Each structure stands twice: as C-alpha cells, then as structure tokens.
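Asks: Contents of start30.pdb (PDB, C-alpha atoms) are given next:
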```pdb
ATOM      1  CA  ALA A 459     -24.606  -6.268   2.361  1.00  0.00           C
ATOM      2  CA  ALA A 460     -27.022  -3.770   3.911  1.00  0.00           C
ATOM      3  CA  THR A 461     -24.106  -1.846   5.397  1.00  0.00           C
ATOM      4  CA  ARG A 462     -22.587  -1.398   1.951  1.00  0.00           C
ATOM      5  CA  THR A 463     -25.774   0.211   0.647  1.00  0.00           C
ATOM      6  CA  GLY A 464     -25.577   2.895   3.332  1.00  0.00           C
ATOM      7  CA  ARG A 465     -29.035   2.111   4.676  1.00  0.00           C
ATOM      8  CA  ARG A 466     -29.666   3.095   8.269  1.00  0.00           C
ATOM      9  CA  GLY A 467     -29.952   0.222  10.747  1.00  0.00           C
ATOM     10  CA  PRO A 468     -31.418  -1.885  12.090  1.00  0.00           C
ATOM     11  CA  HIS A 469     -31.132  -4.220   9.128  1.00  0.00           C
ATOM     12  CA  ARG A 470     -33.484  -7.185   8.933  1.00  0.00           C
ATOM     13  CA  VAL A 471     -32.598 -10.617   7.606  1.00  0.00           C
ATOM     14  CA  ALA A 472     -34.605 -13.845   7.473  1.00  0.00           C
ATOM     15  CA  LEU A 473     -33.018 -17.249   8.028  1.00  0.00           C
ATOM     16  CA  GLY A 474     -35.628 -19.869   7.348  1.00  0.00           C
ATOM     17  CA  ALA A 475     -38.708 -18.943   9.335  1.00  0.00           C
ATOM     18  CA  THR A 476     -36.794 -16.715  11.767  1.00  0.00           C
ATOM     19  CA  THR A 477     -36.275 -12.971  11.333  1.00  0.00           C
ATOM     20  CA  TYR A 478     -33.302 -11.207  12.885  1.00  0.00           C
ATOM     21  CA  SER A 479     -32.699  -7.493  13.316  1.00  0.00           C
ATOM     22  CA  LEU A 480     -29.080  -6.381  13.037  1.00  0.00           C
ATOM     23  CA  PHE A 481     -27.975  -3.271  14.911  1.00  0.00           C
ATOM     24  CA  PRO A 482     -24.593  -1.778  13.886  1.00  0.00           C
ATOM     25  CA  VAL A 483     -22.077  -1.324  16.708  1.00  0.00           C
ATOM     26  CA  ARG A 484     -20.552   2.137  16.281  1.00  0.00           C
ATOM     27  CA  SER A 485     -17.267   3.354  17.719  1.00  0.00           C
ATOM     28  CA  THR A 486     -17.534   5.371  20.923  1.00  0.00           C
ATOM     29  CA  GLY A 487     -15.032   7.878  19.588  1.00  0.00           C
ATOM     30  CA  ARG A 488     -11.771   6.653  21.114  1.00  0.00           C
ATOM     31  CA  SER A 489     -10.906   4.591  18.035  1.00  0.00           C
ATOM     32  CA  PRO A 490      -9.520   5.968  14.748  1.00  0.00           C
ATOM     33  CA  GLN A 491     -11.622   8.319  12.659  1.00  0.00           C
ATOM     34  CA  PRO A 492     -14.622   6.891  10.787  1.00  0.00           C
ATOM     35  CA  ALA A 493     -13.820   5.167   7.515  1.00  0.00           C
ATOM     36  CA  ARG A 494     -13.966   7.308   4.396  1.00  0.00           C
ATOM     37  CA  ASP A 495     -15.047   4.284   2.359  1.00  0.00           C
ATOM     38  CA  VAL A 496     -17.400   1.666   3.811  1.00  0.00           C
ATOM     39  CA  ARG A 497     -15.163  -1.051   2.341  1.00  0.00           C
ATOM     40  CA  GLU A 498     -12.445  -0.117   4.843  1.00  0.00           C
ATOM     41  CA  THR A 499     -14.478  -1.632   7.698  1.00  0.00           C
ATOM     42  CA  VAL A 500     -17.363  -3.635   6.234  1.00  0.00           C
ATOM     43  CA  LEU A 501     -15.579  -6.998   6.613  1.00  0.00           C
ATOM     44  CA  SER A 502     -14.808  -6.484  10.309  1.00  0.00           C
ATOM     45  CA  ASP A 503     -17.772  -4.443  11.549  1.00  0.00           C
ATOM     46  CA  TRP A 504     -19.644  -5.681  14.607  1.00  0.00           C
ATOM     47  CA  LEU A 505     -23.415  -6.165  14.659  1.00  0.00           C
ATOM     48  CA  LEU A 506     -25.836  -6.920  17.482  1.00  0.00           C
ATOM     49  CA  ALA A 507     -28.253  -9.615  16.272  1.00  0.00           C
ATOM     50  CA  VAL A 508     -31.714  -9.735  17.863  1.00  0.00           C
ATOM     51  CA  GLU A 509     -34.120 -12.568  17.105  1.00  0.00           C
ATOM     52  CA  ALA A 510     -37.062 -10.313  16.274  1.00  0.00           C
ATOM     53  CA  ASP A 511     -38.371  -8.027  13.553  1.00  0.00           C
ATOM     54  CA  ALA A 512     -37.631  -4.493  14.735  1.00  0.00           C
ATOM     55  CA  GLY A 513     -39.452  -2.897  11.814  1.00  0.00           C
ATOM     56  CA  ASP A 514     -42.472  -1.943  13.914  1.00  0.00           C
ATOM     57  CA  TRP A 515     -40.730  -1.273  17.204  1.00  0.00           C
ATOM     58  CA  PRO A 516     -41.410   2.058  18.953  1.00  0.00           C
ATOM     59  CA  GLU A 517     -38.559   4.554  19.239  1.00  0.00           C
ATOM     60  CA  GLU A 518     -38.198   3.878  22.969  1.00  0.00           C
ATOM     61  CA  ARG A 519     -37.442   0.215  22.367  1.00  0.00           C
ATOM     62  CA  LEU A 520     -35.040   1.010  19.543  1.00  0.00           C
ATOM     63  CA  ASP A 521     -33.234   3.503  21.774  1.00  0.00           C
ATOM     64  CA  LEU A 522     -32.774   0.758  24.367  1.00  0.00           C
ATOM     65  CA  LEU A 523     -31.104  -1.506  21.797  1.00  0.00           C
ATOM     66  CA  TYR A 524     -28.920   1.329  20.540  1.00  0.00           C
ATOM     67  CA  GLY A 525     -27.836   1.841  24.140  1.00  0.00           C
ATOM     68  CA  VAL A 526     -26.757  -1.796  24.286  1.00  0.00           C
ATOM     69  CA  THR A 527     -24.709  -1.343  21.103  1.00  0.00           C
ATOM     70  CA  GLN A 528     -22.922   1.590  22.747  1.00  0.00           C
ATOM     71  CA  LEU A 529     -21.917  -0.638  25.663  1.00  0.00           C
ATOM     72  CA  ILE A 530     -20.617  -3.236  23.208  1.00  0.00           C
ATOM     73  CA  ALA A 531     -18.718  -0.499  21.364  1.00  0.00           C
ATOM     74  CA  VAL A 532     -16.870   0.405  24.570  1.00  0.00           C
ATOM     75  CA  GLU A 533     -15.690  -3.204  24.868  1.00  0.00           C
ATOM     76  CA  ARG A 534     -14.604  -3.261  21.238  1.00  0.00           C
ATOM     77  CA  ASP A 535     -12.629  -0.044  21.665  1.00  0.00           C
ATOM     78  CA  ARG A 536     -10.903  -1.633  24.664  1.00  0.00           C
ATOM     79  CA  ARG A 537      -9.992  -4.690  22.613  1.00  0.00           C
ATOM     80  CA  ASP A 538      -8.731  -2.552  19.732  1.00  0.00           C
ATOM     81  CA  ALA A 539      -6.498  -0.595  22.106  1.00  0.00           C
ATOM     82  CA  ALA A 540      -5.146  -3.825  23.617  1.00  0.00           C
ATOM     83  CA  ARG A 541      -4.134  -5.037  20.153  1.00  0.00           C
ATOM     84  CA  THR A 542      -1.529  -2.280  19.799  1.00  0.00           C
ATOM     85  CA  VAL A 543       1.253  -4.208  21.558  1.00  0.00           C
ATOM     86  CA  ARG A 544       0.484  -7.446  19.716  1.00  0.00           C
ATOM     87  CA  ARG A 545       0.441  -5.659  16.376  1.00  0.00           C
ATOM     88  CA  ARG A 546       3.838  -4.134  17.115  1.00  0.00           C
ATOM     89  CA  LEU A 547       5.298  -7.541  18.005  1.00  0.00           C
ATOM     90  CA  ALA A 548       4.008  -9.041  14.771  1.00  0.00           C
ATOM     91  CA  GLN A 549       5.324  -6.068  12.788  1.00  0.00           C
ATOM     92  CA  GLU A 550       8.797  -6.532  14.271  1.00  0.00           C
ATOM     93  CA  VAL A 551       8.850 -10.209  13.295  1.00  0.00           C
ATOM     94  CA  LEU A 552       7.593  -9.398   9.810  1.00  0.00           C
ATOM     95  CA  GLU A 553      10.266  -6.747   9.297  1.00  0.00           C
ATOM     96  CA  LEU A 554      12.962  -9.220  10.349  1.00  0.00           C
ATOM     97  CA  VAL A 555      11.714 -11.704   7.769  1.00  0.00           C
ATOM     98  CA  GLN A 556      11.472  -9.072   5.035  1.00  0.00           C
ATOM     99  CA  THR A 557      15.021  -7.827   5.660  1.00  0.00           C
ATOM    100  CA  GLY A 558      16.484 -11.337   5.543  1.00  0.00           C
ATOM    101  CA  ALA A 559      17.425 -11.579   9.214  1.00  0.00           C
ATOM    102  CA  ALA A 560      19.073 -14.753  10.468  1.00  0.00           C
ATOM    103  CA  PRO A 561      16.685 -17.522  11.594  1.00  0.00           C
ATOM    104  CA  ALA A 562      18.170 -17.354  15.098  1.00  0.00           C
ATOM    105  CA  GLU A 563      17.266 -13.666  15.353  1.00  0.00           C
ATOM    106  CA  ILE A 564      13.710 -14.329  14.186  1.00  0.00           C
ATOM    107  CA  ALA A 565      13.381 -17.208  16.661  1.00  0.00           C
ATOM    108  CA  ALA A 566      14.604 -14.958  19.468  1.00  0.00           C
ATOM    109  CA  ARG A 567      11.962 -12.372  18.615  1.00  0.00           C
ATOM    110  CA  LEU A 568       9.270 -15.057  18.609  1.00  0.00           C
ATOM    111  CA  ARG A 569      10.402 -16.178  22.062  1.00  0.00           C
ATOM    112  CA  VAL A 570       9.942 -12.594  23.240  1.00  0.00           C
ATOM    113  CA  ALA A 571       6.436 -12.540  21.775  1.00  0.00           C
ATOM    114  CA  ALA A 572       5.410 -15.888  23.289  1.00  0.00           C
ATOM    115  CA  PRO A 573       4.901 -14.767  26.925  1.00  0.00           C
ATOM    116  CA  VAL A 574       2.902 -11.748  25.743  1.00  0.00           C
ATOM    117  CA  LEU A 575       0.505 -13.874  23.708  1.00  0.00           C
ATOM    118  CA  LEU A 576       0.507 -16.910  26.013  1.00  0.00           C
ATOM    119  CA  PRO A 577       1.236 -15.754  29.576  1.00  0.00           C
ATOM    120  CA  GLY A 578       2.455 -18.509  31.859  1.00  0.00           C
ATOM    121  CA  LEU A 579       3.571 -20.859  29.103  1.00  0.00           C
ATOM    122  CA  GLY A 580       6.721 -22.662  30.191  1.00  0.00           C
ATOM    123  CA  ALA A 581       8.248 -23.323  26.772  1.00  0.00           C
ATOM    124  CA  ALA A 582       8.248 -21.570  23.429  1.00  0.00           C
ATOM    125  CA  PRO A 583       5.148 -22.672  21.527  1.00  0.00           C
ATOM    126  CA  HIS A 584       4.691 -23.818  17.996  1.00  0.00           C
ATOM    127  CA  TRP A 585       3.364 -21.239  15.574  1.00  0.00           C
ATOM    128  CA  GLN A 586       1.192 -20.977  12.528  1.00  0.00           C
ATOM    129  CA  VAL A 587       1.207 -18.130  10.044  1.00  0.00           C
ATOM    130  CA  VAL A 588      -2.047 -17.040   8.425  1.00  0.00           C
ATOM    131  CA  VAL A 589      -1.840 -14.646   5.482  1.00  0.00           C
ATOM    132  CA  ALA A 590      -4.777 -12.708   4.061  1.00  0.00           C
ATOM    133  CA  ARG A 591      -5.089 -10.334   1.148  1.00  0.00           C
ATOM    134  CA  VAL A 592      -8.175  -8.271   0.315  1.00  0.00           C
ATOM    135  CA  ASP A 593      -8.354  -6.695  -3.132  1.00  0.00           C
ATOM    136  CA  TRP A 594     -11.045  -4.243  -4.200  1.00  0.00           C
ATOM    137  CA  ASP A 595     -11.774  -3.013  -7.701  1.00  0.00           C
ATOM    138  CA  GLY A 596     -10.083   0.334  -8.149  1.00  0.00           C
ATOM    139  CA  GLU A 597      -7.333   1.675  -5.899  1.00  0.00           C
ATOM    140  CA  GLU A 598      -9.330   3.742  -3.413  1.00  0.00           C
ATOM    141  CA  VAL A 599      -9.019   1.322  -0.472  1.00  0.00           C
ATOM    142  CA  GLU A 600      -5.725   0.087   1.003  1.00  0.00           C
ATOM    143  CA  GLY A 601      -6.035  -3.666   1.437  1.00  0.00           C
ATOM    144  CA  GLY A 602      -3.476  -4.244   4.202  1.00  0.00           C
ATOM    145  CA  PRO A 603      -5.365  -2.645   7.128  1.00  0.00           C
ATOM    146  CA  VAL A 604      -8.619  -4.222   5.895  1.00  0.00           C
ATOM    147  CA  ALA A 605      -7.043  -7.689   5.906  1.00  0.00           C
ATOM    148  CA  GLN A 606      -5.433  -7.034   9.301  1.00  0.00           C
ATOM    149  CA  ALA A 607      -8.735  -6.143  10.973  1.00  0.00           C
ATOM    150  CA  LEU A 608     -10.405  -9.091   9.257  1.00  0.00           C
ATOM    151  CA  LEU A 609      -7.862 -11.634  10.531  1.00  0.00           C
ATOM    152  CA  GLU A 610      -8.139 -10.257  14.060  1.00  0.00           C
ATOM    153  CA  GLU A 611     -11.843 -11.086  13.934  1.00  0.00           C
ATOM    154  CA  VAL A 612     -12.053 -14.368  12.003  1.00  0.00           C
ATOM    155  CA  LEU A 613      -9.209 -16.077  13.890  1.00  0.00           C
ATOM    156  CA  VAL A 614     -11.106 -15.769  17.173  1.00  0.00           C
ATOM    157  CA  ASP A 615     -13.061 -18.933  17.929  1.00  0.00           C
ATOM    158  CA  PRO A 616     -16.596 -17.834  18.933  1.00  0.00           C
ATOM    159  CA  ALA A 617     -16.992 -21.065  20.919  1.00  0.00           C
ATOM    160  CA  VAL A 618     -14.207 -20.022  23.309  1.00  0.00           C
ATOM    161  CA  ALA A 619     -15.487 -17.831  26.130  1.00  0.00           C
ATOM    162  CA  GLY A 620     -13.596 -14.889  27.591  1.00  0.00           C
ATOM    163  CA  PRO A 621     -11.082 -12.443  26.111  1.00  0.00           C
ATOM    164  CA  GLU A 622      -8.026 -14.691  26.417  1.00  0.00           C
ATOM    165  CA  HIS A 623      -8.377 -16.381  23.037  1.00  0.00           C
ATOM    166  CA  SER A 624      -8.515 -13.085  21.137  1.00  0.00           C
ATOM    167  CA  ASP A 625      -5.447 -11.861  23.032  1.00  0.00           C
ATOM    168  CA  ARG A 626      -3.317 -14.672  21.564  1.00  0.00           C
ATOM    169  CA  ILE A 627      -3.284 -13.420  17.980  1.00  0.00           C
ATOM    170  CA  ALA A 628      -0.775 -10.879  16.662  1.00  0.00           C
ATOM    171  CA  VAL A 629      -1.392  -9.428  13.203  1.00  0.00           C
ATOM    172  CA  ALA A 630       0.768  -7.128  11.101  1.00  0.00           C
ATOM    173  CA  HIS A 631       0.274  -5.816   7.584  1.00  0.00           C
ATOM    174  CA  ALA A 632       2.549  -4.805   4.738  1.00  0.00           C
ATOM    175  CA  GLY A 633       2.261  -4.467   0.992  1.00  0.00           C
ATOM    176  CA  GLY A 634      -1.488  -4.977   0.849  1.00  0.00           C
ATOM    177  CA  GLU A 635      -1.380  -8.195   2.899  1.00  0.00           C
ATOM    178  CA  ALA A 636      -1.901  -9.054   6.558  1.00  0.00           C
ATOM    179  CA  ILE A 637       0.145 -11.679   8.378  1.00  0.00           C
ATOM    180  CA  ALA A 638      -1.077 -13.259  11.617  1.00  0.00           C
ATOM    181  CA  LEU A 639       1.167 -15.053  14.100  1.00  0.00           C
ATOM    182  CA  VAL A 640      -0.903 -17.711  15.855  1.00  0.00           C
ATOM    183  CA  PRO A 641       0.813 -19.445  18.808  1.00  0.00           C
ATOM    184  CA  LEU A 642      -0.140 -23.058  19.445  1.00  0.00           C
ATOM    185  CA  PRO A 643       0.354 -24.086  23.074  1.00  0.00           C
ATOM    186  CA  ALA A 644      -0.281 -27.791  22.414  1.00  0.00           C
ATOM    187  CA  VAL A 645       1.003 -29.577  19.319  1.00  0.00           C
ATOM    188  CA  SER A 646       1.251 -33.297  18.684  1.00  0.00           C
ATOM    189  CA  ALA A 647       4.872 -34.406  18.964  1.00  0.00           C
ATOM    190  CA  GLU A 648       4.438 -36.807  16.065  1.00  0.00           C
ATOM    191  CA  HIS A 649       3.156 -34.091  13.695  1.00  0.00           C
ATOM    192  CA  ASP A 650       0.674 -36.628  12.373  1.00  0.00           C
ATOM    193  CA  GLY A 651      -1.906 -34.022  11.444  1.00  0.00           C
ATOM    194  CA  SER A 652      -3.664 -34.187  14.800  1.00  0.00           C
ATOM    195  CA  GLU A 653      -2.146 -30.989  16.162  1.00  0.00           C
ATOM    196  CA  THR A 654      -4.405 -28.213  17.316  1.00  0.00           C
ATOM    197  CA  GLY A 655      -4.342 -25.184  15.074  1.00  0.00           C
ATOM    198  CA  VAL A 656      -5.976 -23.238  12.290  1.00  0.00           C
ATOM    199  CA  LEU A 657      -7.311 -25.460   9.512  1.00  0.00           C
ATOM    200  CA  ALA A 658      -7.676 -23.674   6.179  1.00  0.00           C
ATOM    201  CA  ASP A 659     -10.797 -25.551   5.065  1.00  0.00           C
ATOM    202  CA  ALA A 660     -12.565 -25.027   8.386  1.00  0.00           C
ATOM    203  CA  LEU A 661     -11.647 -21.340   8.454  1.00  0.00           C
ATOM    204  CA  LEU A 662     -12.932 -20.753   4.935  1.00  0.00           C
ATOM    205  CA  ALA A 663     -16.126 -22.690   5.604  1.00  0.00           C
ATOM    206  CA  SER A 664     -16.905 -20.588   8.671  1.00  0.00           C
ATOM    207  CA  VAL A 665     -16.465 -17.205   6.980  1.00  0.00           C
ATOM    208  CA  ARG A 666     -17.320 -17.831   3.327  1.00  0.00           C
ATOM    209  CA  GLU A 667     -21.012 -16.898   3.436  1.00  0.00           C
ATOM    210  CA  PRO A 668     -20.837 -13.640   5.440  1.00  0.00           C
ATOM    211  CA  LEU A 669     -17.681 -12.463   3.686  1.00  0.00           C
ATOM    212  CA  THR A 670     -19.176 -13.166   0.272  1.00  0.00           C
ATOM    213  CA  ALA A 671     -21.933 -10.689   1.106  1.00  0.00           C
ATOM    214  CA  GLY A 672     -19.426  -8.099   2.327  1.00  0.00           C
ATOM    215  CA  LEU A 673     -17.099  -8.498  -0.636  1.00  0.00           C
ATOM    216  CA  ASN A 674     -20.029  -8.258  -3.036  1.00  0.00           C
ATOM    217  CA  ASP A 675     -18.924  -8.192  -6.678  1.00  0.00           C
ATOM    218  CA  ASP A 676     -15.935  -5.878  -6.313  1.00  0.00           C
ATOM    219  CA  GLY A 677     -13.862  -7.566  -3.608  1.00  0.00           C
ATOM    220  CA  ARG A 678     -11.645 -10.651  -3.449  1.00  0.00           C
ATOM    221  CA  LEU A 679     -10.189 -12.406  -0.415  1.00  0.00           C
ATOM    222  CA  THR A 680      -7.159 -14.704  -0.542  1.00  0.00           C
ATOM    223  CA  LEU A 681      -6.197 -16.774   2.518  1.00  0.00           C
ATOM    224  CA  GLY A 682      -3.140 -18.905   3.211  1.00  0.00           C
ATOM    225  CA  VAL A 683      -2.405 -21.050   6.278  1.00  0.00           C
ATOM    226  CA  SER A 684       1.000 -22.532   7.113  1.00  0.00           C
ATOM    227  CA  ALA A 685       1.792 -25.779   8.870  1.00  0.00           C
ATOM    228  CA  ALA A 686       2.723 -25.629  12.556  1.00  0.00           C
ATOM    229  CA  VAL A 687       6.408 -24.871  13.148  1.00  0.00           C
ATOM    230  CA  HIS A 688       8.499 -24.526  16.296  1.00  0.00           C
ATOM    231  CA  SER A 689       9.987 -21.161  17.154  1.00  0.00           C
TER     232      SER A 689
END
```
I need this file expressed as structure tokens, please.
Replies:
Amino acid sequence: AATRTGRRGPHRVALGATTYSLFPVRSTGRSPQPARDVRETVLSDWLLAVEADAGDWPEERLDLLYGVTQLIAVERDRRDAARTVRRRLAQEVLELVQTGAAPAEIAARLRVAAPVLLPGLGAAPHWQVVVARVDWDGEEVEGGPVAQALLEEVLVDPAVAGPEHSDRIAVAHAGGEAIALVPLPAVSAEHDGSETGVLADALLASVREPLTAGLNDDGRLTLGVSAAVHS
C-alpha cells in the first residue's frame, strides 16, 4: 500500500506489538526498464523486512540496509533471467492449446518441458494449471505481464529452501491472463484427493491479505486451479 502512494522507503508497519521496517528491493539495472505505472510491479515487488523501527536510524545504518537490498536485487535479477527458458516453454504449450493442436502434440511438448523443470525425473510428471487474471480500473496497465510475474512469486513455497522449487514453475501470458504449468513429481495413484499440488483455498488464504493491500480499490485478481493431470 505504501508503495502505491509513491512514498520513499523504508515503510513502517506494525503487527500487534511489533514494528517492521520494509526496504524496497530495486533492480540493479540488468532487468527491464522501470515500470511506467506502479501497478505494473506492485503485486510482485520484493521487500526486505527488518524487525525494527527505522524511523530514527542514522543515515549510515540506513545505507547499510540499502546495501543489503542491492545484494538481494542481484539475486532477483539472476532469477528473472533464469525464467526466460521456462517462460518460452510455457508459451509454446499455450500456443499449441490455443491453435487447437492434437493432444498427442501437446503431450509431447510437455514431455520436453519436464526435464527442464524437474531435472533427473525418470517419468513424465503430472501437471496442474494455474490461471490468474489481474484487472485494473482503466486500460493503462496490461494485465497479462502483471499476472505472470505474480504467479511466479506466489507459487513458490516460502517453506522450501533453495532455488530449486522456484525453478519448477513455467508461466506464460496471453490475452490479459497468465497460465502457469506446475509439474507434480509425486501424485497419488488413486487420485483420492491426497496428491501433492497447489490447493486453491490454501493459495488464496496465503496471499489474500497482502494482495488486497496491493490491489487497493481499483484492482481485481481472479485465480483458477486445475486438478492434477498426466502429461
């Protein structure tokens, strides 16, 4: 919410009796040009949260924290660059679906994508499809890229350490929507509802509060999650 007002960071927020200072993580310059409209990035921006009130900190201490955000920005730029191949794979699958390609051709493309997203997997995995659409009042902001960047962030489980989990998700966008291909390496053979995967209710519960602040009164998010299917 503070980002949308254009106020300079750090932003301070209180949760119960604890105050946090939020430092925006800015691009190091190797990523695309800065957004013309804050709504293009507000739902997927990164922030460094510090359990302290930075309102009275000296400039030297603030500079130290800004230096940390620059290091984090380098890592984010690396991750954004690594997403290029996965985005292209997802776009190819999406274009096959949109042009009415035969199921066998789509399945073959998914089998090509599987070793990229899940290296070392012996068999083709099951998949889920997650669709997101972000609509803003007016027509100044294209919703597809916004939804794409959002899915690439919210589908990463913060409880899973390391970069591998984020490398498994391939997201494309078209027509104002983003479509994520999520491979599932382990699925219950009985399909009794116990399979591991993205659960719509759990996903919405985890992102509802922060995204409500980012969407404010002029944005709407629509999410859809498919059942697990074999490629």
Asks: Give me, as a list in words, all polymer residues having an atom no more than 10 Å from Val599 of chain A, counting only C-alpha atoms and skipping those fewer than 6 positions away in the same chain.
Replies: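 Residues meeting the cut-off are Arg494, Asp495, Val496, Arg497, Glu498, Val592, Asp593 and Gly634 of chain A.
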Asks: So how far away is atom CA of Val500 of chain A from atom CA of Ile530 of chain A, in Å?
Replies: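 Between atom CA of Ile530 of chain A and atom CA of Val500 of chain A the gap works out to 17.3 Å.
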Asks: Rounded to one decimal, what separation in Å do you get between atom CA of Glu553 of chain A and atom CA of Thr680 of chain A?
Replies: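 Distance reported for this atom pair: 21.5 Å.
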Asks: Name the residues that the PyMOL selection byres ((chain A and resi 501-504) around 6) picks from the file above, as a ChimeraX atom specification, using the file's chain letters and numbers.
Replies: /A:483,499-500,505,608,672
Asks: In Å, how far is it from atom CA of Ala510 of chain A to atom CA of Arg470 of chain A?
Replies: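 According to the coordinates, atom CA of Ala510 of chain A and atom CA of Arg470 of chain A are separated by 8.7 Å.
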Asks: Find the residue from A:Pro668, A:Pro573, A:Gly682, A:Pro482 that sits nearest to Pro641 of chain A; use all atoms listed in the file when measuring.
Replies: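 Comparing A:Pro668, A:Pro573, A:Gly682, A:Pro482 against Pro641 of chain A, the winner is A:Pro573.
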Asks: Expand the PyMOL selection byres ((chain A and resi 531) around 9) into the explicit residue set it covers here, and present it as a list in words.
Replies: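 Matching residues under the PyMOL selection byres ((chain A and resi 531) around 9) are Val483, Arg484, Ser485, Thr486, Trp504, Val526, Thr527, Gln528, Leu529, Ile530, Val532, Glu533, Arg534, Asp535 and Arg536 of chain A.
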Asks: Translate the PyMOL selection byres ((chain A and resi 584-590) around 8), as applied to the file shown, into an explicit residue set as number ranges by chain.
Replies: A: 582-583, 591-592, 605-606, 609, 635-645, 655-656, 679-689
